[in-house]
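Participant: Quick one, model-v9.txt (compact mmCIF, C-alpha atoms):
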```txt
# COMPACT_ATOMS: atom_id res chain seq x y z
CA MET A 1 23.15 112.70 74.06
CA SER A 2 21.83 111.63 77.45
CA TRP A 3 22.89 108.36 79.00
CA ARG A 4 24.27 106.91 82.21
CA VAL A 5 26.85 104.14 82.17
CA ALA A 6 28.88 102.03 84.57
CA ALA A 7 30.32 99.19 82.47
CA LEU A 8 30.36 97.78 78.94
CA ILE A 9 28.88 94.53 77.54
CA VAL A 10 30.13 93.75 74.07
CA LEU A 11 28.62 91.26 71.68
CA SER A 12 30.79 91.65 68.63
CA THR A 13 31.21 90.43 65.12
CA ALA A 14 34.20 92.66 64.61
CA ALA A 15 36.72 90.69 66.60
CA CYS A 16 38.13 87.44 65.25
CA SER A 17 35.91 84.39 65.46
CA SER A 18 38.98 82.32 66.22
CA ASP A 19 42.61 83.10 66.84
CA GLU A 20 43.49 82.23 63.26
CA THR A 21 40.73 83.67 61.05
CA ARG A 22 38.24 86.53 61.10
CA SER A 23 34.51 85.98 61.07
CA GLY A 24 33.03 86.23 57.61
CA GLU A 25 29.52 86.86 58.90
CA PRO A 26 27.84 90.10 57.82
CA ILE A 27 27.50 93.00 60.20
CA GLY A 28 24.10 94.59 60.88
CA THR A 29 21.98 92.71 58.32
CA SER A 30 19.07 91.58 60.52
CA GLN A 31 15.56 92.35 59.40
CA LEU A 32 14.99 94.16 62.70
CA GLU A 33 17.12 97.27 62.49
CA VAL A 34 17.04 100.64 64.20
CA VAL A 35 19.20 103.23 62.47
CA VAL A 36 20.56 105.72 65.02
CA CYS A 37 22.91 108.58 64.21
CA ALA A 38 25.04 110.47 66.70
CA ASP A 39 23.45 113.72 67.82
CA GLY A 40 26.68 115.60 68.40
CA GLU A 41 30.41 115.17 68.76
CA GLN A 42 32.15 111.83 68.14
CA LEU A 43 35.62 110.74 69.28
CA GLU A 44 37.95 108.35 67.47
CA GLY A 45 39.37 105.23 69.08
CA ILE A 46 40.60 101.73 68.27
CA ASP A 47 40.42 98.21 69.65
CA VAL A 48 43.38 95.85 69.40
CA SER A 49 44.63 92.34 70.08
CA TYR A 50 47.84 90.49 69.31
CA TYR A 51 46.87 90.72 65.63
CA GLN A 52 48.19 94.30 65.77
CA ASP A 53 51.51 92.96 67.09
CA GLN A 54 53.16 95.64 69.25
CA PRO A 55 51.79 99.12 68.49
CA ASP A 56 53.87 102.25 68.89
CA TRP A 57 51.43 103.80 71.36
CA ASN A 58 53.06 107.22 71.31
CA ALA A 59 52.47 107.35 67.56
CA VAL A 60 48.90 106.12 68.04
CA ALA A 61 48.19 108.88 70.55
CA GLY A 62 49.65 111.43 68.14
CA ASP A 63 47.29 110.37 65.35
CA GLY A 64 44.10 111.72 66.92
CA ILE A 65 43.18 108.54 68.79
CA VAL A 66 41.56 109.28 72.18
CA TYR A 67 40.92 105.80 73.59
CA ALA A 68 41.94 102.19 72.99
CA ILE A 69 40.38 98.90 74.08
CA THR A 70 42.56 95.80 74.19
CA ARG A 71 41.67 92.11 74.32
CA VAL A 72 42.26 90.01 77.42
CA ASN A 73 41.58 86.55 76.04
CA HIS A 74 39.46 84.27 73.88
CA GLY A 75 38.52 81.19 75.86
CA ASP A 76 41.70 79.42 76.97
CA PHE A 77 43.82 81.57 74.66
CA MET A 78 45.31 84.45 76.64
CA ASP A 79 46.22 87.35 74.40
CA PRO A 80 50.02 87.63 74.64
CA GLU A 81 49.97 91.40 74.13
CA PHE A 82 47.35 92.32 76.73
CA ASP A 83 49.66 93.17 79.62
CA THR A 84 51.90 95.33 77.43
CA ASN A 85 48.99 97.10 75.78
CA TRP A 86 47.09 97.64 79.03
CA ALA A 87 50.06 99.41 80.61
CA ALA A 88 51.18 101.32 77.51
CA ILE A 89 47.75 102.76 76.68
CA LYS A 90 47.63 104.43 80.08
CA GLU A 91 51.25 105.57 79.94
CA VAL A 92 50.65 107.61 76.77
CA GLY A 93 47.59 109.29 78.25
CA LEU A 94 44.80 107.52 76.35
CA VAL A 95 41.58 106.37 77.98
CA ARG A 96 41.87 102.58 78.09
CA GLY A 97 39.53 99.62 78.15
CA ALA A 98 39.62 95.82 78.14
CA TYR A 99 37.38 93.30 76.41
CA GLN A 100 36.95 89.56 76.57
CA TYR A 101 35.85 87.41 73.64
CA PHE A 102 33.13 85.36 75.31
CA ASP A 103 32.63 81.63 74.70
CA PRO A 104 28.96 80.92 75.47
CA SER A 105 29.64 77.21 75.99
CA GLY A 106 32.48 77.88 78.44
CA ASP A 107 32.10 78.42 82.17
CA PRO A 108 30.96 82.06 82.52
CA VAL A 109 32.28 82.25 86.10
CA THR A 110 35.77 81.17 85.05
CA GLN A 111 35.76 83.61 82.14
CA ALA A 112 34.56 86.49 84.31
CA GLN A 113 37.21 85.77 86.93
CA THR A 114 39.90 85.71 84.26
CA LEU A 115 39.00 89.25 83.19
CA ILE A 116 38.68 90.47 86.78
CA ASP A 117 42.13 89.15 87.63
CA LYS A 118 43.73 90.73 84.56
CA VAL A 119 42.33 94.27 84.89
CA GLY A 120 42.65 94.44 88.67
CA THR A 121 41.25 97.54 90.34
CA LEU A 122 39.89 99.97 87.78
CA GLY A 123 40.87 103.58 88.30
CA PRO A 124 40.43 106.99 86.68
CA GLY A 125 40.79 106.71 82.91
CA ASP A 126 39.69 103.07 82.78
CA LEU A 127 36.57 102.21 80.81
CA PRO A 128 34.16 99.61 82.16
CA PRO A 129 34.92 96.00 81.13
CA VAL A 130 33.53 94.69 77.88
CA ILE A 131 32.09 91.26 77.10
CA ASP A 132 32.43 90.39 73.42
CA VAL A 133 29.83 87.76 72.47
CA GLU A 134 29.82 87.03 68.78
CA SER A 135 29.51 83.26 68.56
CA THR A 136 26.80 80.83 69.62
CA ASP A 137 28.88 77.66 70.12
CA GLY A 138 25.73 75.90 68.94
CA LEU A 139 23.68 77.14 71.91
CA GLY A 140 20.23 78.69 71.83
CA PRO A 141 19.27 82.22 72.84
CA GLU A 142 18.10 81.36 76.37
CA VAL A 143 21.37 79.66 77.33
CA ILE A 144 23.52 82.39 75.76
CA ALA A 145 21.56 85.10 77.57
CA ALA A 146 21.78 83.24 80.89
CA ASN A 147 25.55 82.80 80.59
CA VAL A 148 26.02 86.45 79.65
CA ARG A 149 23.96 87.45 82.69
CA THR A 150 26.19 85.36 84.97
CA TRP A 151 29.30 87.03 83.53
CA VAL A 152 27.85 90.52 83.74
CA ASP A 153 26.67 90.18 87.32
CA MET A 154 30.03 88.83 88.46
CA VAL A 155 32.15 91.44 86.67
CA GLU A 156 29.91 94.31 87.71
CA GLY A 157 29.99 93.15 91.31
CA ALA A 158 33.79 92.85 91.35
CA THR A 159 34.64 96.09 89.53
CA GLY A 160 31.74 98.33 90.54
CA ARG A 161 31.26 99.19 86.87
CA ARG A 162 28.38 98.19 84.62
CA PRO A 163 29.79 96.33 81.59
CA LEU A 164 29.34 97.41 77.93
CA ILE A 165 27.64 95.17 75.38
CA TYR A 166 29.28 94.88 71.99
CA THR A 167 27.25 93.23 69.23
CA GLY A 168 25.94 93.45 65.71
CA SER A 169 22.23 93.92 65.19
CA TYR A 170 21.92 90.65 63.24
CA PHE A 171 23.65 88.66 65.96
CA TRP A 172 21.63 90.00 68.86
CA ASN A 173 18.27 89.86 67.14
CA ASP A 174 18.80 86.34 65.79
CA ASN A 175 20.87 84.65 68.49
CA VAL A 176 20.24 86.33 71.84
CA GLN A 177 16.71 87.64 71.40
CA THR A 178 16.27 89.37 74.73
CA ASP A 179 15.69 92.89 75.99
CA GLU A 180 17.18 91.97 79.38
CA PHE A 181 20.32 94.03 78.72
CA ALA A 182 18.69 97.01 77.05
CA GLY A 183 19.71 99.24 79.98
CA TYR A 184 23.39 98.50 79.43
CA PRO A 185 25.54 100.74 77.23
CA LEU A 186 25.91 99.41 73.71
CA TRP A 187 29.02 99.08 71.56
CA ILE A 188 27.61 98.38 68.12
CA ALA A 189 29.51 96.74 65.25
CA HIS A 190 28.34 97.94 61.84
CA TYR A 191 30.80 98.60 59.04
CA THR A 192 29.38 101.57 57.19
CA THR A 193 30.13 105.22 56.64
CA ASP A 194 26.53 106.09 57.46
CA CYS A 195 24.77 105.67 60.81
CA PRO A 196 24.82 102.25 62.50
CA ASN A 197 21.93 99.81 62.71
CA LEU A 198 21.12 98.79 66.27
CA PRO A 199 19.44 95.68 67.66
CA ALA A 200 15.73 96.28 68.10
CA VAL A 201 15.94 96.55 71.90
CA TRP A 202 18.38 99.50 71.98
CA GLY A 203 17.59 103.08 71.18
CA ASP A 204 21.10 104.52 71.35
CA TRP A 205 24.76 103.56 71.27
CA VAL A 206 27.88 104.57 73.16
CA PHE A 207 30.59 103.15 70.88
CA TRP A 208 30.34 102.29 67.19
CA GLN A 209 32.88 100.02 65.51
CA TYR A 210 32.59 101.23 61.94
CA SER A 211 35.60 99.64 60.25
CA SER A 212 37.98 96.69 60.57
CA THR A 213 40.43 98.03 57.99
CA GLY A 214 41.58 101.24 59.61
CA ASN A 215 45.01 102.77 59.06
CA VAL A 216 46.45 104.38 62.20
CA ALA A 217 49.97 105.65 62.80
CA GLY A 218 52.02 103.34 64.98
CA ILE A 219 50.15 100.18 63.95
CA TYR A 220 51.37 97.89 61.19
CA GLY A 221 48.44 96.65 59.13
CA ALA A 222 44.69 97.07 59.62
CA VAL A 223 43.00 97.90 62.89
CA ASP A 224 39.40 98.21 64.11
CA GLU A 225 38.19 101.81 64.20
CA ASN A 226 35.53 103.11 66.58
CA ARG A 227 33.61 106.25 67.40
CA PHE A 228 32.44 107.36 70.83
CA ASN A 229 29.04 109.04 70.84
CA GLY A 230 29.75 112.10 72.96
CA THR A 231 32.25 114.66 74.13
CA LEU A 232 35.63 114.17 75.75
CA GLU A 233 34.12 115.06 79.11
CA GLN A 234 31.44 112.39 78.64
CA LEU A 235 34.11 109.85 77.75
CA HIS A 236 35.94 110.70 80.97
CA ASP A 237 32.67 110.34 82.88
CA LEU A 238 32.36 106.81 81.50
CA ALA A 239 35.97 106.12 82.45
CA GLY A 240 35.49 107.22 86.07
CA ASN A 241 37.45 110.42 85.58
CA GLY A 242 34.74 113.06 85.42
CA TYR A 243 33.96 114.44 88.87
CA ARG A 244 36.79 113.70 91.27
CA ALA A 245 38.31 115.65 94.14
CA SER A 246 40.77 115.29 96.98
CA VAL A 247 41.04 117.16 100.25
CA VAL A 248 44.21 119.25 100.44
CA ALA A 249 43.55 120.91 103.79
CA LEU A 250 40.73 121.38 106.28
CA ASP A 251 40.92 123.94 109.11
CA TYR A 252 38.06 124.33 111.57
CA PRO A 253 37.41 125.16 115.25
CA GLU A 254 37.59 122.09 117.49
CA THR A 255 35.48 123.69 120.21
CA LEU A 256 32.78 126.32 120.21
CA THR A 257 30.54 127.73 122.91
CA ALA A 258 26.82 127.40 122.24
CA GLY A 259 25.83 130.08 119.74
CA GLU A 260 29.42 130.94 118.88
CA ARG A 261 30.46 131.46 115.26
CA GLY A 262 33.57 129.88 113.78
CA THR A 263 35.28 129.79 110.39
CA VAL A 264 36.02 126.71 108.32
CA GLU A 265 38.56 126.74 105.50
CA LEU A 266 38.46 123.77 103.14
CA THR A 267 40.95 123.45 100.29
CA LEU A 268 40.12 120.99 97.50
CA ARG A 269 41.93 119.86 94.37
CA ASN A 270 40.07 119.02 91.16
CA ASP A 271 41.43 115.58 90.23
CA GLY A 272 38.88 114.93 87.47
CA ALA A 273 38.39 116.04 83.90
CA ARG A 274 35.29 118.16 84.54
CA THR A 275 35.59 121.86 85.38
CA TRP A 276 33.76 122.85 88.57
CA SER A 277 31.43 125.82 88.62
CA SER A 278 28.80 127.45 90.83
CA HIS A 279 26.73 124.29 90.23
CA THR A 280 29.42 122.30 92.05
CA ARG A 281 28.45 122.62 95.69
CA LEU A 282 29.41 121.48 99.15
CA GLY A 283 26.46 119.64 100.71
CA THR A 284 25.72 117.81 103.92
CA THR A 285 26.01 114.02 104.05
CA THR A 286 25.44 110.98 106.29
CA PRO A 287 22.64 111.29 105.46
CA ARG A 288 22.80 113.46 102.37
CA ASP A 289 20.87 116.72 102.31
CA ARG A 290 20.61 116.66 106.09
CA GLU A 291 19.86 120.03 107.70
CA SER A 292 23.05 120.91 109.53
CA ALA A 293 22.97 121.93 113.18
CA PHE A 294 25.81 124.35 112.33
CA ALA A 295 24.19 126.08 109.35
CA SER A 296 24.89 129.79 109.11
CA ASP A 297 22.94 132.59 107.49
CA ASP A 298 25.67 132.88 104.84
CA TRP A 299 25.07 129.31 103.62
CA ASP A 300 22.97 128.75 100.51
CA SER A 301 20.61 126.63 102.64
CA ALA A 302 20.68 124.41 105.71
CA ASN A 303 22.00 121.51 103.59
CA ARG A 304 24.15 123.40 101.06
CA VAL A 305 27.12 125.45 102.18
CA ALA A 306 28.00 127.10 98.87
CA GLY A 307 28.98 126.59 95.26
CA MET A 308 32.44 127.17 93.85
CA PRO A 309 33.43 130.85 94.03
CA LYS A 310 35.06 130.51 90.59
CA ASP A 311 35.51 127.95 87.84
CA VAL A 312 38.01 125.30 88.93
CA ALA A 313 39.75 123.52 86.06
CA SER A 314 41.24 120.05 86.21
CA GLY A 315 44.35 120.06 88.41
CA ASP A 316 43.51 123.39 90.11
CA THR A 317 42.78 123.94 93.79
CA VAL A 318 40.15 126.07 95.46
CA THR A 319 39.57 127.15 99.07
CA LEU A 320 36.07 127.43 100.47
CA SER A 321 35.79 129.65 103.54
CA PHE A 322 32.49 129.46 105.40
CA THR A 323 30.94 130.09 108.80
CA VAL A 324 29.56 127.54 111.24
CA VAL A 325 27.33 128.50 114.17
CA ALA A 326 27.34 126.22 117.20
CA PRO A 327 23.93 124.88 118.21
CA ASP A 328 22.41 125.70 121.62
CA GLU A 329 22.66 122.12 122.87
CA PRO A 330 26.10 121.29 124.30
CA GLY A 331 27.70 118.05 123.16
CA GLU A 332 30.04 116.50 120.70
CA TYR A 333 29.07 116.80 117.05
CA LEU A 334 30.23 115.25 113.81
CA GLU A 335 29.41 117.24 110.69
CA THR A 336 30.16 115.62 107.31
CA PHE A 337 30.12 117.09 103.80
CA ASN A 338 30.83 116.16 100.20
CA LEU A 339 30.80 117.74 96.78
CA VAL A 340 27.75 117.38 94.57
CA GLU A 341 27.26 118.44 90.97
CA GLU A 342 23.68 119.63 91.18
CA ALA A 343 21.21 117.63 89.07
CA VAL A 344 24.07 115.30 88.02
CA ALA A 345 25.68 113.28 90.82
CA TRP A 346 27.40 113.30 94.18
CA PHE A 347 31.13 112.90 93.70
CA SER A 348 31.18 109.72 95.78
CA ASP A 349 28.66 108.14 93.39
CA THR A 350 30.98 108.42 90.41
CA PRO A 351 32.70 105.18 89.33
CA PRO A 352 35.66 103.92 91.35
CA GLY A 353 38.38 106.53 91.35
CA GLY A 354 35.93 109.29 92.15
CA GLY A 355 35.40 110.79 95.53
CA PRO A 356 35.93 111.90 98.18
CA THR A 357 33.62 109.63 100.14
CA ASP A 358 30.65 111.02 102.03
CA ASP A 359 32.46 110.85 105.37
CA SER A 360 35.87 112.17 104.33
CA ILE A 361 35.19 115.87 104.93
CA ALA A 362 34.42 115.70 108.64
CA LEU A 363 34.21 118.36 111.35
CA ARG A 364 34.40 117.02 114.90
CA ILE A 365 33.32 119.89 117.11
CA ALA A 366 32.71 119.99 120.86
CA VAL A 367 29.99 122.51 121.78
CA LEU A 368 30.37 123.84 125.32
CA GLU A 369 27.96 125.56 127.68
CA GLY A 370 28.24 129.26 128.34
CA GLU A 371 27.92 132.60 126.62
CA PRO A 372 29.71 132.88 123.28
CA PRO A 373 32.84 135.07 123.46
CA SER A 374 33.08 138.29 121.51
CA SER A 375 35.54 136.66 119.14
CA THR A 376 36.25 133.07 118.29
CA ALA A 377 39.23 131.83 120.25
CA ALA A 378 38.59 128.12 120.11
CA GLY A 379 41.20 125.76 118.81
CA THR A 380 41.40 124.62 115.22
CA ALA A 381 42.31 121.35 113.61
CA THR A 382 43.98 120.79 110.28
CA LEU A 383 43.12 117.61 108.42
CA GLU A 384 44.31 116.74 104.97
CA ALA A 385 43.96 114.18 102.20
CA GLU A 386 44.66 111.29 104.53
CA ILE A 387 41.47 111.85 106.54
CA ASP A 388 40.38 108.32 107.33
CA GLY A 389 36.65 109.02 107.14
CA SER A 390 35.95 107.42 110.53
CA CYS A 391 32.69 108.55 112.09
CA ALA A 392 33.68 107.35 115.54
CA PHE A 393 33.63 110.13 118.07
CA GLY A 394 33.69 109.28 121.75
CA LYS A 395 30.61 109.97 123.85
CA SER A 396 32.15 109.27 127.26
CA ARG A 397 33.35 111.83 129.79
CA GLU A 398 36.88 110.62 129.07
CA SER A 399 36.67 111.89 125.49
CA ALA A 400 38.59 114.69 123.81
CA TRP A 401 35.88 117.16 124.86
CA TRP A 402 36.85 116.89 128.50
CA LEU A 403 40.51 116.86 127.59
CA LEU A 404 40.04 120.21 125.91
CA LEU A 405 38.34 121.54 129.02
CA ALA A 406 41.30 120.44 131.10
CA LEU A 407 43.67 122.18 128.73
CA GLY A 408 41.74 125.41 129.10
CA ALA A 409 40.57 125.63 125.51
CA ILE A 410 37.48 127.54 126.54
CA SER A 411 39.39 130.21 128.38
CA GLY A 412 40.48 131.92 125.21
CA ARG A 413 43.63 129.94 124.55
CA ARG A 414 44.32 128.48 121.14
CA GLY A 415 43.63 124.76 121.01
CA ARG A 416 45.95 122.22 119.55
CA ARG A 417 46.58 122.29 115.84
CA ALA A 418 46.85 118.88 114.26
CA SER A 419 48.21 118.35 110.81
CA ARG A 420 48.43 115.27 108.64
CA ARG A 421 49.93 115.58 105.23
CA ARG A 422 50.66 113.16 102.42
```
What does this structure look like when you write it as structure tokens?

Facilitator:
Amino acid sequence: MSWRVAALIVLSTAACSSDETRSGEPIGTSQLEVVVCADGEQLEGIDVSYYQDQPDWNAVAGDGIVYAITRVNHGDFMDPEFDTNWAAIKEVGLVRGAYQYFDPSGDPVTQAQTLIDKVGTLGPGDLPPVIDVESTDGLGPEVIAANVRTWVDMVEGATGRRPLIYTGSYFWNDNVQTDEFAGYPLWIAHYTTDCPNLPAVWGDWVFWQYSSTGNVAGIYGAVDENRFNGTLEQLHDLAGNGYRASVVALDYPETLTAGERGTVELTLRNDGARTWSSHTRLGTTTPRDRESAFASDDWDSANRVAGMPKDVASGDTVTLSFTVVAPDEPGEYLETFNLVEEAVAWFSDTPPGGGPTDDSIALRIAVLEGEPPSSTAAGTATLEAEIDGSCAFGKSRESAWWLLLALGAISGRRGRRASRRR
């Protein structure tokens, strides 16, 4: 399956139509139906509200459930179990999500702000927010679509994640009637053991709610069951936990004479769920793919230092050791790098929780006039995960470059060695 996602919009008939009774409307019975089956692996998950009382989330996690999505509110009714569920789902190691039952006749700004305030800052393992629109409140398609758009724009802007849309094909085709959201990931409600029917404007689905009468360990009574259309790694990508890294240590020469070669050692930790490989490379940034003035003949190219020397699993660290060659023009230089999964994404473009940012891996090097020495004796600096990413580097004659001259860094002495550790 090939898709890109950043948030979830949900128009659903599977949640309760009120806080007392479930909707009796049929699921997926519109005349306009597109039957779409998964083309590979599927992962089991559930969605819950206070109707499930207080689940034993450890038991849920032990029953093959990979993710859980919990309700924030329905109009003025705040789900009394949201806070407990939101925290517990993460504590037991499940991917978690939050949805809001949307009232089309209510103020979409107020509803969006309610969800934003409840979920706070989304991090690794958090799915994009979901808007559950399954009632019309007597409004027509144009008004419903406009109010959904207001909600989506506000939530996406606040969280940095594109929301999911949850709906049944009959509801969308009959009551929303727009292809405006066709580029958003779809959570389809269709209770069947076969493949789900989609609204006419979608060609694929991300989640499928296939039952409202599921039986899962740790939950008393029935629960909504869902399938994710993809692998565990793809689920983590959606939850902002795919490609992530942190800088453990960075050692490099602070000063070089024009033409001199120096060695950089960069240690990184894989904080995401994806394993790094030779396709995971260190590239130039600010701007990206810039030809580096320090490129060496042992780099892959002038804008790519190298790929990973080995596979790096989640939680492992790796050290990249590479050469930089000082340019002929003396001055003070700032060289920045970041990780990129070739043909996929730069790490800093992954949803919030990814990184590092494009200016976090920074080499601030003073290039001095003169003939390069026979061996590199310039000072080195050690920077770690708390690198602030600042691109400020003084241009005046009172800058660190002249300070290093005064300290005799170019006479073969070792320069200062700075270290900042978490």

Participant: Smallest atom-to-atom distance to Val155 of chain A: which of A:Trp299, A:Phe294, A:Tyr220, A:Tyr99, using only C-alpha atoms?

Facilitator: A:Tyr99

Participant: Mind listing as a PDB file with C-alpha atoms, keeping the file's coordinate frame all residues within 6 Å of (21.8, 94.2, 65.4), counting all atoms listed in the file?

Facilitator:
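Result file is result-v2.pdb:
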```
ATOM      1  CA  GLY A  28      24.100  94.590  60.880  1.00  0.00           C
ATOM      2  CA  GLY A 168      25.940  93.450  65.710  1.00  0.00           C
ATOM      3  CA  SER A 169      22.230  93.920  65.190  1.00  0.00           C
ATOM      4  CA  TYR A 170      21.920  90.650  63.240  1.00  0.00           C
ATOM      5  CA  PHE A 171      23.650  88.660  65.960  1.00  0.00           C
ATOM      6  CA  TRP A 172      21.630  90.000  68.860  1.00  0.00           C
ATOM      7  CA  ASN A 173      18.270  89.860  67.140  1.00  0.00           C
ATOM      8  CA  LEU A 198      21.120  98.790  66.270  1.00  0.00           C
ATOM      9  CA  PRO A 199      19.440  95.680  67.660  1.00  0.00           C
TER      10      PRO A 199
END
```

Participant: Counting only C-alpha atoms, figure out which residue out of A:Asp153, A:Ala273, A:Lys90, A:Ile188 gets nearest to Asp132 of chain A.

Facilitator: A:Ile188

Participant: Can you pull out the residues contacting Val223 of chain A? Cut-off 10 Å, using all atoms listed in the file, and skip same-chain residues under 2 positions away; I want them as an NGL selection string.

Facilitator: :A and (46-49 or 51-52 or 211-216 or 219-221 or 225-226)

Participant: What residues have an atom no more than 10 Å from (39.4, 100.4, 70.6) in the file's own frame, counting all atoms listed in the file, and can you write them as a PyMOL selection string?

Facilitator: chain A and resi 44-49+65-71+95-99+207-209+223-228

Participant: As an exercise, work out the distance from atom CA of Ser314 of chain A to atom CA of Val248 of chain A in Å and give it to one decimal place.

Facilitator: 14.6 Å

Participant: Let me make sure I understand: among A:Gly93, A:Glu369, A:Val312, A:Asp126, which one has the smallest atom-to-atom distance to Gly62 of chain A if we use only C-alpha atoms?

Facilitator: A:Gly93
